[in-house]
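In what follows, a structure is listed as structure tokens, so that the remarks can point back to it.
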Amino acid sequence: MSLVTKAQDDLSRYLNAHHYSFSLEKGFGGALADTLYSKLADDRLILQAEGGSHYLLLYQRLELAWLGFLHERLGLVHFVGEAGTSNAVLIDKYLRTGDSSAHWLRKTALFEALYRYNALFPPDRRLTMTGIDFERSSTYSRGLKALLPVQSPPGPISAAIGLIRQAPDTGLDCDAVLQLNAQLKKALAANEPAFKEYFDTAYPDFEKIVRNNGTCKDALQNRNEHMAVNFLAFDQEVRAPVYFGEFGEAHTVLKNRDLASIINKSGPFRGKVAVINLYCYACSTPEEPVSNWPLKGMEADIIRYFLPLCEGDFTLFDLSGSDPAVAPYRAYGQFLIIAKGQH
């Protein structure tokens with residue numbers, strides 16, 4: 001038997017023993033739930049990749065499945081996303097109150113389900129979201145307004161607060177956002193104590209929005225370093241034992257210089273980032289072509305060795321074992337989900 005044939009046989013044996021079908025309706029249960037619990041119990045950040053396209057509807061149900069499982073089994077409270085603080089402020093307002101009037105939620109089904117789920121638990125056990133990306137023009141002014149106290153501001157910052165109140169909820173383009181942000185940043189530098197006193201407990205979110213290390217011009221830029229810095233700063237504030245995040249696959253593949261790999265080499269998260277990449281087979285969405293380009297290096301093997309084992313719409317492969325047969329694939333992430341025919 002040639003070495004190539006033996007390696008293929010070893011891979012096939014491993015994959016046969018380490019794959020699990022599941023449905024988004026039922027979530028993770030049985031042997032899969034036990035496997036995930038045992039493999040993730042020591043990790044501090046679990047990242048689910050949006051593979052194929054951000055716009056596939058499957059991600060709302062998949063993220064809900066992960067949040068419910070991790071909340072129940074690992075005590076998860078905090079999850080992070082590819083959004084700015086202003087967006088997260090509006091989402092958290094909805095999750096607390098059910099009031100979506102200040103924000104149009106793209107992932108409506110997800111957040112409606114989370115609102116109902118949170119209602120089952122006391123405030124300190126409810127899921128909360130934090131944004132670690134740049135501030136988008138569609139949420140910038142609305143997020144700031146959601147933080148404003150009812151009372152009038154002190155004189156030194158009244159002009160800056162007036163700019164926020166006068167900003168339109170919609171219609172601000174990126175250049176207008178940057179102009180407003182520059183004015184607020186200048187005012188904050190000159191009167192930081194007054195802003196702290198005025199915003200009180202909302203001040204940290206106000207400061208994160210105004211002093212965000214990215215801009216709305218960054219949509220197609222490499223934001224991995226910025227997001228990693230923001231996440232690590234957030235952890236310094238809350239010191240939670242575990243976090244969950246869902247990001248585009250360009251930010252999750254462990255072997256690249258991206259968000260996942262940067263955090264995985266940083267301080268208390270060293271070697272404690274678990275990545276679940278996703279390969280979407282025969283999927284489609286009207287917004288854009290579905291592409292699995294971050295997994296291009298293993299795509300041929302996915303089709304040849306992994307895909308034939310996928311009996312249902314969703315199959316999770318546990319690649320976290322030490323078997324040399326899966327080492328090339330484990331380098332991308334400890335887990336891989338294959339989704340078939342999703343929209």
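In the structure tokens, chains take letters A, B, ... by order of appearance, with residues numbered from 1 within each chain and ligands from 1 in the order shown.
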
Which residues, written as a list in words, have at least one atom at most 12 Å from range 188-198 of chain A, with only C-alpha atoms counted and residues fewer than 6 positions away on the same chain left out?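 In the requested form, the answer reads Leu147, Leu148, Pro149, Val150, Gln151, Ser152, Pro153, Pro154, Gly155, Pro156, Ile157, Ser158, Ala159, Ala160, Ile161, Asn181, Ala182, Pro204, Asp205, Phe206, Glu207, Lys208, Ile209, Val210 and Arg211 of chain A.
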
Using C-alpha atoms, can you export the residues from the last selection as a JSON list (two decimals), in the first residue's frame?
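That gives us again-v9.json:
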```json
[["chain", "number", "residue", "atom", "x", "y", "z"],
["A", 147, "LEU", "CA", -27.35, 56.83, 24.71],
["A", 148, "LEU", "CA", -28.41, 60.44, 25.35],
["A", 149, "PRO", "CA", -29.72, 61.24, 28.85],
["A", 150, "VAL", "CA", -33.05, 63.03, 29.14],
["A", 151, "GLN", "CA", -31.64, 66.01, 31.01],
["A", 152, "SER", "CA", -29.97, 68.95, 29.32],
["A", 153, "PRO", "CA", -26.16, 68.86, 29.05],
["A", 154, "PRO", "CA", -23.85, 71.27, 30.87],
["A", 155, "GLY", "CA", -22.77, 74.34, 28.94],
["A", 156, "PRO", "CA", -19.28, 73.23, 27.83],
["A", 157, "ILE", "CA", -20.68, 70.24, 25.90],
["A", 158, "SER", "CA", -24.12, 71.58, 24.95],
["A", 159, "ALA", "CA", -23.05, 72.39, 21.39],
["A", 160, "ALA", "CA", -21.70, 68.87, 20.83],
["A", 161, "ILE", "CA", -24.84, 67.26, 22.25],
["A", 181, "ASN", "CA", -17.43, 62.32, 14.35],
["A", 182, "ALA", "CA", -14.48, 64.69, 13.94],
["A", 204, "PRO", "CA", -18.06, 53.82, 27.75],
["A", 205, "ASP", "CA", -20.30, 53.14, 24.74],
["A", 206, "PHE", "CA", -20.30, 56.83, 23.77],
["A", 207, "GLU", "CA", -16.50, 56.89, 23.87],
["A", 208, "LYS", "CA", -16.20, 53.68, 21.83],
["A", 209, "ILE", "CA", -18.41, 55.12, 19.09],
["A", 210, "VAL", "CA", -16.61, 58.46, 18.91],
["A", 211, "ARG", "CA", -13.09, 57.06, 19.26]]
```

So which residues of range 101-188 of chain A fall under strand (DSSP E or B) by DSSP, listed as a VMD selection string? chain A and resid 128 to 131

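Our summary of the geometry notes that CA of Asp301 in chain A is positioned 23.0 Å from CA of Leu32 in chain A.
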
Using only C-alpha atoms, pick whichever of A:Thr130, A:Asn222, A:Thr108, A:Thr201 has the shortest atom-to-atom distance to Ala250 in chain A.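 Of A:Thr130, A:Asn222, A:Thr108, A:Thr201, the one nearest Ala250 in chain A, counting only C-alpha atoms, is A:Asn222.
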
Compile the contact shell of Asn16 in chain A as a ChimeraX atom specification: residues with an atom at most 10 Å away, counting only C-alpha atoms, same-chain residues fewer than 4 positions apart removed. /A:10-12,20,305-306,309,317

Give me, as a count of residues only, the residues of range 120-304 of chain A that a backbone DSSP run labels helix (DSSP H, G or I). 98

Proximity of range 209-264 of chain A to range 69-83 of chain A: per-residue shortest pair, 7 Å limit, only C-alpha atoms, as a Markdown table:
```
| residue | atom | partner | partner_atom | distance |
| --- | --- | --- | --- | --- |
| A:Val242 | CA | A:Leu76 | CA | 6.0 |
| A:Tyr243 | CA | A:Phe79 | CA | 5.5 |
| A:Phe244 | CA | A:Phe79 | CA | 4.7 |
| A:Gly245 | CA | A:Val80 | CA | 4.7 |
| A:Glu246 | CA | A:Gly81 | CA | 5.7 |
| A:Phe247 | CA | A:Glu82 | CA | 5.7 |
```

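For the atom pair formed by CA of Phe234 in chain A and CA of Pro123 in chain A, the distance is 19.7 Å, given to one decimal.
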
Surrounding residues of Ala176 in chain A excluding itself and chain neighbours under 6 positions, 12 Å, only C-alpha atoms, as a list in words: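 The contact residues come out as Arg136, Ser137, Ser138, Tyr140, Ser141, Leu163, Ala167, Pro168, Thr170, Ala182, Gln183, Thr215, Cys216 and Lys217 of chain A.
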
Test item: residues at most 10 Å from Gly51 in chain A, only C-alpha atoms, excluding those fewer than 6 positions along its chain, as a count of residues only: 20

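Of the residues listed (A:Phe269, A:Tyr37, A:Ala282, A:Leu144), A:Ala282 shows the shortest atom-to-atom separation from Gly341 in chain A; distances use only C-alpha atoms.
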
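When only C-alpha atoms are used to compute distances to Pro289 in chain A, the closest of the residues A:Thr35, A:Leu307, A:Ser53, A:Leu15 turns out to be A:Ser53.
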
Taking into account only C-alpha atoms, which residue in the set A:Ala260, A:Leu178, A:Ile91, A:Leu172 is nearest to Tyr115 in chain A? A:Ile91

Interatomic distance between CA of Phe335 in chain A and CA of Pro286 in chain A?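 Pair CA of Phe335 in chain A / CA of Pro286 in chain A returns 27.8 Å.
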